[in-house]
Amino acid sequence: MIPTISHWIGQEQAIRRFKVALEASWNDGTKLPHMLFYGCPGTGKTMLAHLAAKEMGVKIHERLAQVMNFPGTLNGLLMQAQDKDVIFLDEVHELVHPAQTVLYRAMEGQQISLRSNVNDTYNMPIKDVTIIGATTDEYHLLSPLRQRFKVVIPFSLYDVTSLAKIIDQRARLIGIDIHQDIAIQIAIRSRGTPRFAIRLLESCQRYARSKGEEIVTMQHFEETVDMDCIDELGLTLDDQRIINFLTIQPSKPVRLFTLEAATGIHRRTIQEVIEPFLIRMGLIERTPQGRVITEQGIRHVESTTQVETVSKATS
Ligand SMILES: Nc1ncnc2c1ncn2[C@@H]1O[C@H](COP(=O)(O)OP(=O)(O)OP(=O)(O)O)[C@@H](O)[C@H]1O
Ligand SMILES: [Mg+2]
C-alpha cells in the first residue's frame, strides 16, 4: 500500500538505521541483514518489514510465530525460501525455545538439522535468507537469538505532527477530504500510535458517510469521538472506567483483582493494554500495594467530569 521508503513518516532515528542497511545491501548486491523490530503495537513494524522486501525486490514470507511452533513447520519454511527472500516472523517472542534454537542456528550457519532416523541427524544447507523478527517484548527472546539480529530497530510512539501526516496520507489514499485542523485533533487523541489514528480517521469517515457527506467536518469529528467515547487524551471507555474507579479513594492503592471485579474488565487486559498507557501518561502509578491515581490523573478526571456537566447543562 505504501510504495517506497520515501512514504514512511516519523521515527527518524530508527529509520536512519534501516536506510543505511538497505543502501549497503543495494550497493554490495547482498541480502538485507537479519533485523529485529521491537516496540508498541500498531507502530509500523509489519509495514516496515513489507517495505524492506519491496525495496529489495524480493519475496516476503510472513508468518505469525505461534504457528511456527509445530515440529517441522519452521524447517519447511526455511527450506522453501529463496536467496535474499525475507522471512518475516511476527510476534517472534512467541516461538518456543526449541524453535528459537533452530532459528538462530539457521541464521548463523545457513543450515538446518534434519533427522534421518531415530538416532541420526544430518545438516541441510538453506538459501541465504533475511530473517526479520517483530516483537512487542524483545527480552522474551533467547539471548543467542537476539544477538543474531544484526540490525535492531526500536519503534517508539509517534509525535502529533507525524501522526497528523500519517492521517493526511491515509485520508488521500482512501479518498477522504479532511482539513488539517481535524487531522491534528485526531492525532492528539491517537495515543502516539498510527493504528489508533487510522482507526479514528476511518470512524470519522463512516460518520460523515452516514450523513451522506464526502467531507469530514469538525462537527463529524466531535460527534465521532463522543460516539466512540474517546476523550481528549485518547482514553477509551475502559481506560476511563479504571481511572474513575481509582479516584473513589485516591490515596488508597487498589489491587488488580479488585479493579477487575469493580470494572468487569479482564485483569490481563488491564495489565497489558490499559495500564501501560495510563502509566505512560502519568495518570496512574503501580506500587507494591496496588494501583493509585496520580495528581495529574485526578485533575484529568475532574476536567472531563466538568466538561460533561457543562455539556449536559447546556444541552
Ligand atoms: N510510519 C508510518 N507511516 C505511515 N503509516 C504507518 C506508519 N506506521 C504505521 N503505519 C500504519 O499503521 C498501521 C499499523 O501499523 P503496523 O500493522 O505495521 O504496526 P505493528 O507495529 O506491526 O503492530 P503490531 O505490533 O500490532 O503487529 C498500518 O496500517 C500501517 O500502514
Ligand atoms: Mg504487526
# chains A, B, ... in the order shown; residues from 1 in each chain; ligands from 1
call {"tool": "closest_atom_pairs", "arguments": {"of": "chain A", "to": "ligand 2", "cutoff": "12 Å", "atoms": "only C-alpha atoms and all ligand atoms", "output": "Markdown table"}}
result
| residue | atom | partner | partner_atom_place_in_ligand_line | distance |
| --- | --- | --- | --- | --- |
| A:Phe37 | CA | ligand 2 | 1 (Mg) | 9.8 |
| A:Tyr38 | CA | ligand 2 | 1 (Mg) | 10.1 |
| A:Gly39 | CA | ligand 2 | 1 (Mg) | 10.2 |
| A:Cys40 | CA | ligand 2 | 1 (Mg) | 9.7 |
| A:Pro41 | CA | ligand 2 | 1 (Mg) | 7.0 |
| A:Gly42 | CA | ligand 2 | 1 (Mg) | 6.6 |
| A:Thr43 | CA | ligand 2 | 1 (Mg) | 8.1 |
| A:Gly44 | CA | ligand 2 | 1 (Mg) | 6.9 |
| A:Lys45 | CA | ligand 2 | 1 (Mg) | 5.5 |
| A:Thr46 | CA | ligand 2 | 1 (Mg) | 4.1 |
| A:Met47 | CA | ligand 2 | 1 (Mg) | 7.3 |
| A:Leu48 | CA | ligand 2 | 1 (Mg) | 9.3 |
| A:Ala49 | CA | ligand 2 | 1 (Mg) | 9.0 |
| A:His50 | CA | ligand 2 | 1 (Mg) | 10.3 |
| A:Glu62 | CA | ligand 2 | 1 (Mg) | 10.2 |
| A:Arg63 | CA | ligand 2 | 1 (Mg) | 10.5 |
| A:Leu64 | CA | ligand 2 | 1 (Mg) | 9.3 |
| A:Ala65 | CA | ligand 2 | 1 (Mg) | 11.4 |
| A:Phe88 | CA | ligand 2 | 1 (Mg) | 10.0 |
| A:Leu89 | CA | ligand 2 | 1 (Mg) | 9.5 |
| A:Asp90 | CA | ligand 2 | 1 (Mg) | 6.2 |
| A:Glu91 | CA | ligand 2 | 1 (Mg) | 7.7 |
| A:Val92 | CA | ligand 2 | 1 (Mg) | 10.6 |
| A:Ile132 | CA | ligand 2 | 1 (Mg) | 11.7 |
| A:Gly133 | CA | ligand 2 | 1 (Mg) | 10.1 |
| A:Ala134 | CA | ligand 2 | 1 (Mg) | 7.1 |
| A:Thr135 | CA | ligand 2 | 1 (Mg) | 8.3 |
| A:Thr136 | CA | ligand 2 | 1 (Mg) | 9.3 |
| A:Phe155 | CA | ligand 2 | 1 (Mg) | 11.6 |
| A:Pro194 | CA | ligand 2 | 1 (Mg) | 11.8 |
| A:Arg195 | CA | ligand 2 | 1 (Mg) | 10.2 |
call {"tool": "residues_around", "arguments": {"residues": "Ile87 of chain A", "least_positions_apart": "3", "cutoff": "6 Å", "atoms": "only C-alpha atoms", "output": "ChimeraX atom specification"}}
result
/A:60-61,131
call {"tool": "atom_distance", "arguments": {"atom1": "atom CA of Ser210 of chain A", "atom2": "atom 18 (O, counted along the ligand's line) of ligand 1"}}
result
28.5 Å
call {"tool": "residues_around", "arguments": {"residues": "Leu141 of chain A", "least_positions_apart": "6", "cutoff": "9 Å", "atoms": "only C-alpha atoms", "output": "PyMOL selection string"}}
result
chain A and resi 92-95+97+100
call {"tool": "select_by_dssp", "arguments": {"residues": "segment 80-155 of chain A", "states": "strand (DSSP E)", "output": "list of chain:residue names"}}
result
A:Val86, A:Ile87, A:Phe88, A:Leu89, A:Asp90, A:Gln111, A:Ile112, A:Ser113, A:Leu114, A:Arg115, A:Ser116, A:Asn117, A:Asp120, A:Thr121, A:Tyr122, A:Asn123, A:Met124, A:Pro125, A:Thr130, A:Ile131, A:Ile132, A:Gly133, A:Ala134, A:Thr135, A:Val151, A:Val152, A:Ile153, A:Pro154, A:Phe155
call {"tool": "write_last_selection", "arguments": {"atoms": "N, CA and C atoms", "output": "mmCIF file, in the first residue's frame"}}
result
data_model
loop_
_atom_site.group_PDB
_atom_site.id
_atom_site.type_symbol
_atom_site.label_atom_id
_atom_site.label_comp_id
_atom_site.auth_asym_id
_atom_site.auth_seq_id
_atom_site.Cartn_x
_atom_site.Cartn_y
_atom_site.Cartn_z
ATOM 1 N N VAL A 86 12.822 -12.444 2.231
ATOM 2 C CA VAL A 86 12.618 -12.033 3.622
ATOM 3 C C VAL A 86 11.647 -13.011 4.286
ATOM 4 N N ILE A 87 12.062 -13.566 5.410
ATOM 5 C CA ILE A 87 11.129 -14.355 6.234
ATOM 6 C C ILE A 87 10.765 -13.453 7.403
ATOM 7 N N PHE A 88 9.492 -13.052 7.453
ATOM 8 C CA PHE A 88 9.055 -12.122 8.494
ATOM 9 C C PHE A 88 8.281 -12.895 9.557
ATOM 10 N N LEU A 89 8.842 -12.949 10.746
ATOM 11 C CA LEU A 89 8.185 -13.663 11.849
ATOM 12 C C LEU A 89 7.610 -12.639 12.825
ATOM 13 N N ASP A 90 6.295 -12.536 12.790
ATOM 14 C CA ASP A 90 5.623 -11.568 13.646
ATOM 15 C C ASP A 90 5.444 -12.178 15.037
ATOM 16 N N GLN A 111 22.139 -23.319 7.682
ATOM 17 C CA GLN A 111 21.758 -24.726 7.532
ATOM 18 C C GLN A 111 20.793 -25.116 8.646
ATOM 19 N N ILE A 112 20.067 -26.209 8.384
ATOM 20 C CA ILE A 112 19.188 -26.724 9.425
ATOM 21 C C ILE A 112 19.532 -28.192 9.653
ATOM 22 N N SER A 113 19.105 -28.666 10.796
ATOM 23 C CA SER A 113 19.426 -30.035 11.158
ATOM 24 C C SER A 113 18.177 -30.890 10.992
ATOM 25 N N LEU A 114 18.281 -31.959 10.194
ATOM 26 C CA LEU A 114 17.123 -32.830 9.977
ATOM 27 C C LEU A 114 17.437 -34.230 10.512
ATOM 28 N N ARG A 115 16.349 -34.929 10.871
ATOM 29 C CA ARG A 115 16.551 -36.277 11.429
ATOM 30 C C ARG A 115 16.377 -37.308 10.306
ATOM 31 N N SER A 116 17.381 -38.189 10.130
ATOM 32 C CA SER A 116 17.241 -39.216 9.080
ATOM 33 C C SER A 116 16.603 -40.480 9.640
ATOM 34 N N ASN A 117 16.921 -40.806 10.879
ATOM 35 C CA ASN A 117 16.201 -41.886 11.580
ATOM 36 C C ASN A 117 16.247 -41.551 13.065
ATOM 37 N N ASP A 120 19.805 -40.524 14.272
ATOM 38 C CA ASP A 120 20.746 -39.835 13.399
ATOM 39 C C ASP A 120 20.187 -38.527 12.849
ATOM 40 N N THR A 121 21.019 -37.508 12.782
ATOM 41 C CA THR A 121 20.608 -36.243 12.152
ATOM 42 C C THR A 121 21.651 -35.846 11.111
ATOM 43 N N TYR A 122 21.239 -35.046 10.167
ATOM 44 C CA TYR A 122 22.201 -34.519 9.192
ATOM 45 C C TYR A 122 21.878 -33.056 8.920
ATOM 46 N N ASN A 123 22.871 -32.338 8.441
ATOM 47 C CA ASN A 123 22.684 -30.904 8.183
ATOM 48 C C ASN A 123 22.299 -30.672 6.733
ATOM 49 N N MET A 124 21.359 -29.786 6.574
ATOM 50 C CA MET A 124 20.899 -29.483 5.218
ATOM 51 C C MET A 124 21.098 -27.984 4.982
ATOM 52 N N PRO A 125 21.819 -27.598 3.910
ATOM 53 C CA PRO A 125 22.007 -26.160 3.668
ATOM 54 C C PRO A 125 20.704 -25.483 3.264
ATOM 55 N N THR A 130 16.924 -13.498 4.631
ATOM 56 C CA THR A 130 16.925 -12.488 5.696
ATOM 57 C C THR A 130 15.788 -12.805 6.661
ATOM 58 N N ILE A 131 16.117 -12.883 7.921
ATOM 59 C CA ILE A 131 15.058 -13.054 8.929
ATOM 60 C C ILE A 131 14.752 -11.675 9.513
ATOM 61 N N ILE A 132 13.476 -11.299 9.458
ATOM 62 C CA ILE A 132 13.044 -10.094 10.190
ATOM 63 C C ILE A 132 12.073 -10.562 11.268
ATOM 64 N N GLY A 133 12.396 -10.234 12.499
ATOM 65 C CA GLY A 133 11.501 -10.584 13.602
ATOM 66 C C GLY A 133 10.852 -9.317 14.129
ATOM 67 N N ALA A 134 9.569 -9.411 14.464
ATOM 68 C CA ALA A 134 8.900 -8.269 15.104
ATOM 69 C C ALA A 134 8.388 -8.723 16.460
ATOM 70 N N THR A 135 8.549 -7.855 17.433
ATOM 71 C CA THR A 135 8.092 -8.232 18.772
ATOM 72 C C THR A 135 7.716 -7.002 19.599
ATOM 73 N N VAL A 151 20.708 -5.898 12.864
ATOM 74 C CA VAL A 151 20.159 -4.532 12.948
ATOM 75 C C VAL A 151 18.927 -4.600 13.854
ATOM 76 N N VAL A 152 18.983 -3.849 14.940
ATOM 77 C CA VAL A 152 17.867 -3.866 15.896
ATOM 78 C C VAL A 152 17.223 -2.479 15.881
ATOM 79 N N ILE A 153 15.930 -2.456 15.575
ATOM 80 C CA ILE A 153 15.266 -1.152 15.422
ATOM 81 C C ILE A 153 14.137 -0.999 16.445
ATOM 82 N N PRO A 154 14.299 -0.025 17.349
ATOM 83 C CA PRO A 154 13.217 0.224 18.305
ATOM 84 C C PRO A 154 12.157 1.132 17.700
ATOM 85 N N PHE A 155 10.912 0.814 17.922
ATOM 86 C CA PHE A 155 9.800 1.652 17.463
ATOM 87 C C PHE A 155 9.209 2.360 18.668
#
call {"tool": "closest_residue", "arguments": {"among": "A:Gln289, A:Gln219, A:Gln180, A:Ser156", "to": "ligand 1", "atoms": "only C-alpha atoms and all ligand atoms"}}
result
A:Ser156
call {"tool": "residues_around", "arguments": {"residues": "Ala262 of chain A", "least_positions_apart": "6", "cutoff": "12 Å", "atoms": "only C-alpha atoms", "output": "short mmCIF file (atom, residue, chain, number, x, y, z; two decimals) with C-alpha atoms, in the first residue's frame"}}
result
data_model
loop_
_atom_site.label_atom_id
_atom_site.label_comp_id
_atom_site.auth_asym_id
_atom_site.auth_seq_id
_atom_site.Cartn_x
_atom_site.Cartn_y
_atom_site.Cartn_z
CA ASP A 238 -12.28 1.15 29.58
CA ARG A 241 -13.58 3.32 33.93
CA ILE A 242 -10.26 2.33 35.51
CA ILE A 243 -9.17 5.87 36.43
CA ASN A 244 -12.68 6.79 37.58
CA PHE A 245 -12.66 3.84 39.97
CA LEU A 246 -9.23 4.83 41.30
CA ILE A 248 -13.14 7.00 44.55
CA VAL A 254 -6.18 -0.83 44.59
CA ARG A 255 -5.26 -4.42 43.77
CA LEU A 256 -5.64 -5.86 40.28
CA ILE A 270 -5.95 -4.17 32.49
#
call {"tool": "residues_around", "arguments": {"residues": "Thr217 of chain A", "least_positions_apart": "2", "cutoff": "8 Å", "atoms": "only C-alpha atoms", "output": "list of chain:residue names"}}
result
A:Ile178, A:His179, A:Ile182, A:Ala208, A:Ile215, A:Gln219, A:His220, A:Phe221
call {"tool": "atom_distance", "arguments": {"atom1": "atom CA of Arg267 of chain A", "atom2": "atom CA of Leu235 of chain A"}}
result
17.8 Å
call {"tool": "residues_around", "arguments": {"residues": "Ile176 of chain A", "least_positions_apart": "2", "cutoff": "12 Å", "atoms": "only C-alpha atoms", "output": "ChimeraX atom specification"}}
result
/A:167-174,178-179,183,201-209,213-217
call {"tool": "write_last_selection", "arguments": {"atoms": "N, CA and C atoms", "output": "mmCIF file, in the first residue's frame"}}
result
data_model
loop_
_atom_site.group_PDB
_atom_site.id
_atom_site.type_symbol
_atom_site.label_atom_id
_atom_site.label_comp_id
_atom_site.auth_asym_id
_atom_site.auth_seq_id
_atom_site.Cartn_x
_atom_site.Cartn_y
_atom_site.Cartn_z
ATOM 1 N N ILE A 167 -2.165 10.573 9.036
ATOM 2 C CA ILE A 167 -3.620 10.685 8.835
ATOM 3 C C ILE A 167 -3.899 11.322 7.479
ATOM 4 N N ASP A 168 -3.146 12.370 7.187
ATOM 5 C CA ASP A 168 -3.329 13.074 5.915
ATOM 6 C C ASP A 168 -3.042 12.137 4.733
ATOM 7 N N GLN A 169 -1.945 11.395 4.857
ATOM 8 C CA GLN A 169 -1.569 10.455 3.789
ATOM 9 C C GLN A 169 -2.659 9.395 3.595
ATOM 10 N N ARG A 170 -3.148 8.842 4.728
ATOM 11 C CA ARG A 170 -4.166 7.791 4.644
ATOM 12 C C ARG A 170 -5.474 8.343 4.097
ATOM 13 N N ALA A 171 -5.802 9.579 4.494
ATOM 14 C CA ALA A 171 -7.056 10.187 4.022
ATOM 15 C C ALA A 171 -7.032 10.301 2.497
ATOM 16 N N ARG A 172 -5.876 10.726 1.959
ATOM 17 C CA ARG A 172 -5.786 10.856 0.492
ATOM 18 C C ARG A 172 -5.888 9.490 -0.166
ATOM 19 N N LEU A 173 -5.298 8.503 0.487
ATOM 20 C CA LEU A 173 -5.318 7.143 -0.064
ATOM 21 C C LEU A 173 -6.735 6.570 -0.128
ATOM 22 N N ILE A 174 -7.536 6.825 0.909
ATOM 23 C CA ILE A 174 -8.889 6.266 0.895
ATOM 24 C C ILE A 174 -9.919 7.270 0.368
ATOM 25 N N ILE A 178 -10.188 15.927 4.264
ATOM 26 C CA ILE A 178 -10.133 16.243 5.692
ATOM 27 C C ILE A 178 -9.228 17.455 5.918
ATOM 28 N N HIS A 179 -9.698 18.374 6.733
ATOM 29 C CA HIS A 179 -8.933 19.595 6.976
ATOM 30 C C HIS A 179 -7.781 19.302 7.941
ATOM 31 N N ALA A 183 -7.145 16.689 11.227
ATOM 32 C CA ALA A 183 -6.068 15.683 11.274
ATOM 33 C C ALA A 183 -5.287 15.836 12.591
ATOM 34 N N LEU A 201 -9.666 7.918 12.155
ATOM 35 C CA LEU A 201 -9.938 8.565 10.860
ATOM 36 C C LEU A 201 -11.067 7.817 10.131
ATOM 37 N N GLU A 202 -10.953 6.476 10.110
ATOM 38 C CA GLU A 202 -11.975 5.689 9.403
ATOM 39 C C GLU A 202 -13.335 5.809 10.089
ATOM 40 N N SER A 203 -13.300 5.915 11.414
ATOM 41 C CA SER A 203 -14.555 6.078 12.142
ATOM 42 C C SER A 203 -15.209 7.416 11.774
ATOM 43 N N CYS A 204 -14.370 8.477 11.670
ATOM 44 C CA CYS A 204 -14.889 9.794 11.254
ATOM 45 C C CYS A 204 -15.462 9.715 9.844
ATOM 46 N N GLN A 205 -14.771 8.969 8.983
ATOM 47 C CA GLN A 205 -15.246 8.841 7.600
ATOM 48 C C GLN A 205 -16.627 8.151 7.577
ATOM 49 N N ARG A 206 -16.756 7.064 8.366
ATOM 50 C CA ARG A 206 -18.048 6.358 8.418
ATOM 51 C C ARG A 206 -19.143 7.301 8.898
ATOM 52 N N TYR A 207 -18.776 8.119 9.909
ATOM 53 C CA TYR A 207 -19.769 9.046 10.461
ATOM 54 C C TYR A 207 -20.236 10.031 9.393
ATOM 55 N N ALA A 208 -19.247 10.598 8.669
ATOM 56 C CA ALA A 208 -19.595 11.558 7.613
ATOM 57 C C ALA A 208 -20.456 10.881 6.543
ATOM 58 N N ARG A 209 -20.074 9.654 6.171
ATOM 59 C CA ARG A 209 -20.816 8.947 5.127
ATOM 60 C C ARG A 209 -22.231 8.606 5.599
ATOM 61 N N GLU A 213 -22.328 12.603 3.561
ATOM 62 C CA GLU A 213 -21.388 13.663 3.179
ATOM 63 C C GLU A 213 -20.002 13.111 2.840
ATOM 64 N N GLU A 214 -19.305 13.828 1.960
ATOM 65 C CA GLU A 214 -17.994 13.373 1.468
ATOM 66 C C GLU A 214 -16.856 13.940 2.311
ATOM 67 N N ILE A 215 -17.106 15.102 2.932
ATOM 68 C CA ILE A 215 -16.036 15.788 3.666
ATOM 69 C C ILE A 215 -16.229 15.582 5.168
ATOM 70 N N VAL A 216 -15.127 15.274 5.866
ATOM 71 C CA VAL A 216 -15.205 15.146 7.328
ATOM 72 C C VAL A 216 -15.068 16.538 7.930
ATOM 73 N N THR A 217 -16.080 16.977 8.635
ATOM 74 C CA THR A 217 -16.040 18.305 9.253
ATOM 75 C C THR A 217 -15.677 18.177 10.731
#
call {"tool": "closest_residue", "arguments": {"among": "A:His300, A:His266, A:Lys165, A:Lys84", "to": "ligand 1", "atoms": "only C-alpha atoms and all ligand atoms"}}
result
A:Lys165
call {"tool": "select_by_dssp", "arguments": {"residues": "segment 52-176 of chain A", "states": "helix (DSSP H, G or I)", "output": "PyMOL selection string"}}
result
chain A and resi 52-56+65-68+73-80+92-94+97-109+138-140+143-148+160-173
call {"tool": "write_last_selection", "arguments": {"atoms": "C-alpha atoms", "output": "CSV table (one decimal), in the first residue's frame"}}
result
chain,number,residue,atom,x,y,z
A,52,ALA,CA,12.0,-3.9,3.2
A,53,ALA,CA,11.1,-6.7,0.9
A,54,LYS,CA,9.5,-4.3,-1.6
A,55,GLU,CA,12.6,-2.1,-1.7
A,56,MET,CA,14.8,-5.1,-2.2
A,65,ALA,CA,5.4,-17.1,15.2
A,66,GLN,CA,2.8,-19.1,17.1
A,67,VAL,CA,2.0,-21.2,14.0
A,68,MET,CA,5.7,-22.0,13.5
A,73,THR,CA,7.0,-26.1,10.2
A,74,LEU,CA,9.9,-23.7,10.7
A,75,ASN,CA,12.3,-26.1,8.9
A,76,GLY,CA,9.8,-26.3,6.0
A,77,LEU,CA,9.7,-22.5,5.7
A,78,LEU,CA,13.5,-22.1,5.9
A,79,MET,CA,13.9,-24.8,3.1
A,80,GLN,CA,11.3,-23.2,0.9
A,92,VAL,CA,8.8,-13.7,17.3
A,93,HIS,CA,8.9,-13.9,21.1
A,94,GLU,CA,6.1,-16.5,20.8
A,97,HIS,CA,12.6,-22.3,22.8
A,98,PRO,CA,13.5,-25.3,20.5
A,99,ALA,CA,12.2,-23.3,17.5
A,100,GLN,CA,14.2,-20.3,18.6
A,101,THR,CA,17.3,-22.5,18.7
A,102,VAL,CA,16.5,-23.8,15.2
A,103,LEU,CA,16.2,-20.3,14.0
A,104,TYR,CA,19.4,-18.8,15.4
A,105,ARG,CA,21.4,-21.8,14.1
A,106,ALA,CA,19.9,-21.3,10.7
A,107,MET,CA,20.7,-17.5,10.9
A,108,GLU,CA,24.3,-18.2,11.7
A,109,GLY,CA,25.2,-21.4,9.9
A,138,GLU,CA,12.3,-8.1,23.0
A,139,TYR,CA,13.5,-9.6,26.3
A,140,HIS,CA,11.3,-12.7,25.9
A,143,SER,CA,19.7,-14.2,24.2
A,144,PRO,CA,21.6,-16.1,21.4
A,145,LEU,CA,18.7,-15.4,19.0
A,146,ARG,CA,18.6,-11.7,20.0
A,147,GLN,CA,22.3,-11.5,19.3
A,148,ARG,CA,22.0,-12.9,15.8
A,160,VAL,CA,1.4,14.6,17.0
A,161,THR,CA,3.0,16.2,13.8
A,162,SER,CA,4.0,12.8,12.4
A,163,LEU,CA,0.6,11.3,13.2
A,164,ALA,CA,-1.2,14.1,11.5
A,165,LYS,CA,0.9,13.5,8.4
A,166,ILE,CA,0.1,9.8,8.5
A,167,ILE,CA,-3.6,10.7,8.8
A,168,ASP,CA,-3.3,13.1,5.9
A,169,GLN,CA,-1.6,10.5,3.8
A,170,ARG,CA,-4.2,7.8,4.6
A,171,ALA,CA,-7.1,10.2,4.0
A,172,ARG,CA,-5.8,10.9,0.5
A,173,LEU,CA,-5.3,7.1,-0.1
call {"tool": "closest_residue", "arguments": {"among": "A:Val58, A:Met281, A:Ala187, A:Leu32", "to": "Lys150 of chain A", "atoms": "only C-alpha atoms"}}
result
A:Leu32
call {"tool": "residues_around", "arguments": {"residues": "Asp83 of chain A", "least_positions_apart": "6", "cutoff": "8 Å", "atoms": "only C-alpha atoms", "output": "PyMOL selection string"}}
result
chain A and resi 31+127-129
call {"tool": "decode", "arguments": {"residues": "segment 97-114 of chain A", "atoms": "N, CA and C atoms", "output": "PDB file, in the first residue's frame"}}
result
ATOM      1  N   HIS A  97      11.159 -22.312  22.764  1.00  0.00           N
ATOM      2  CA  HIS A  97      12.628 -22.303  22.793  1.00  0.00           C
ATOM      3  C   HIS A  97      13.290 -23.219  21.754  1.00  0.00           C
ATOM      4  N   PRO A  98      12.800 -24.476  21.553  1.00  0.00           N
ATOM      5  CA  PRO A  98      13.466 -25.300  20.523  1.00  0.00           C
ATOM      6  C   PRO A  98      13.399 -24.646  19.142  1.00  0.00           C
ATOM      7  N   ALA A  99      12.293 -23.964  18.834  1.00  0.00           N
ATOM      8  CA  ALA A  99      12.176 -23.295  17.532  1.00  0.00           C
ATOM      9  C   ALA A  99      13.112 -22.084  17.470  1.00  0.00           C
ATOM     10  N   GLN A 100      13.261 -21.401  18.587  1.00  0.00           N
ATOM     11  CA  GLN A 100      14.207 -20.263  18.608  1.00  0.00           C
ATOM     12  C   GLN A 100      15.630 -20.767  18.339  1.00  0.00           C
ATOM     13  N   THR A 101      15.922 -21.946  18.886  1.00  0.00           N
ATOM     14  CA  THR A 101      17.260 -22.521  18.669  1.00  0.00           C
ATOM     15  C   THR A 101      17.466 -22.886  17.193  1.00  0.00           C
ATOM     16  N   VAL A 102      16.449 -23.516  16.588  1.00  0.00           N
ATOM     17  CA  VAL A 102      16.527 -23.836  15.153  1.00  0.00           C
ATOM     18  C   VAL A 102      16.791 -22.555  14.370  1.00  0.00           C
ATOM     19  N   LEU A 103      16.081 -21.500  14.758  1.00  0.00           N
ATOM     20  CA  LEU A 103      16.173 -20.251  14.007  1.00  0.00           C
ATOM     21  C   LEU A 103      17.569 -19.629  14.120  1.00  0.00           C
ATOM     22  N   TYR A 104      18.098 -19.529  15.328  1.00  0.00           N
ATOM     23  CA  TYR A 104      19.388 -18.840  15.420  1.00  0.00           C
ATOM     24  C   TYR A 104      20.513 -19.659  14.798  1.00  0.00           C
ATOM     25  N   ARG A 105      20.359 -20.997  14.816  1.00  0.00           N
ATOM     26  CA  ARG A 105      21.380 -21.815  14.130  1.00  0.00           C
ATOM     27  C   ARG A 105      21.304 -21.595  12.626  1.00  0.00           C
ATOM     28  N   ALA A 106      20.085 -21.494  12.119  1.00  0.00           N
ATOM     29  CA  ALA A 106      19.914 -21.269  10.675  1.00  0.00           C
ATOM     30  C   ALA A 106      20.441 -19.896  10.287  1.00  0.00           C
ATOM     31  N   MET A 107      20.216 -18.911  11.166  1.00  0.00           N
ATOM     32  CA  MET A 107      20.663 -17.545  10.862  1.00  0.00           C
ATOM     33  C   MET A 107      22.182 -17.475  10.796  1.00  0.00           C
ATOM     34  N   GLU A 108      22.813 -18.281  11.621  1.00  0.00           N
ATOM     35  CA  GLU A 108      24.267 -18.196  11.653  1.00  0.00           C
ATOM     36  C   GLU A 108      24.928 -19.144  10.663  1.00  0.00           C
ATOM     37  N   GLY A 109      24.491 -20.390  10.667  1.00  0.00           N
ATOM     38  CA  GLY A 109      25.204 -21.403   9.880  1.00  0.00           C
ATOM     39  C   GLY A 109      24.622 -21.627   8.497  1.00  0.00           C
ATOM     40  N   GLN A 110      23.503 -20.962   8.176  1.00  0.00           N
ATOM     41  CA  GLN A 110      22.814 -21.145   6.906  1.00  0.00           C
ATOM     42  C   GLN A 110      22.540 -22.623   6.645  1.00  0.00           C
ATOM     43  N   GLN A 111      22.139 -23.319   7.682  1.00  0.00           N
ATOM     44  CA  GLN A 111      21.758 -24.726   7.532  1.00  0.00           C
ATOM     45  C   GLN A 111      20.793 -25.116   8.646  1.00  0.00           C
ATOM     46  N   ILE A 112      20.067 -26.209   8.384  1.00  0.00           N
ATOM     47  CA  ILE A 112      19.188 -26.724   9.425  1.00  0.00           C
ATOM     48  C   ILE A 112      19.532 -28.192   9.653  1.00  0.00           C
ATOM     49  N   SER A 113      19.105 -28.666  10.796  1.00  0.00           N
ATOM     50  CA  SER A 113      19.426 -30.035  11.158  1.00  0.00           C
ATOM     51  C   SER A 113      18.177 -30.890  10.992  1.00  0.00           C
ATOM     52  N   LEU A 114      18.281 -31.959  10.194  1.00  0.00           N
ATOM     53  CA  LEU A 114      17.123 -32.830   9.977  1.00  0.00           C
ATOM     54  C   LEU A 114      17.437 -34.230  10.512  1.00  0.00           C
TER      55      LEU A 114
END
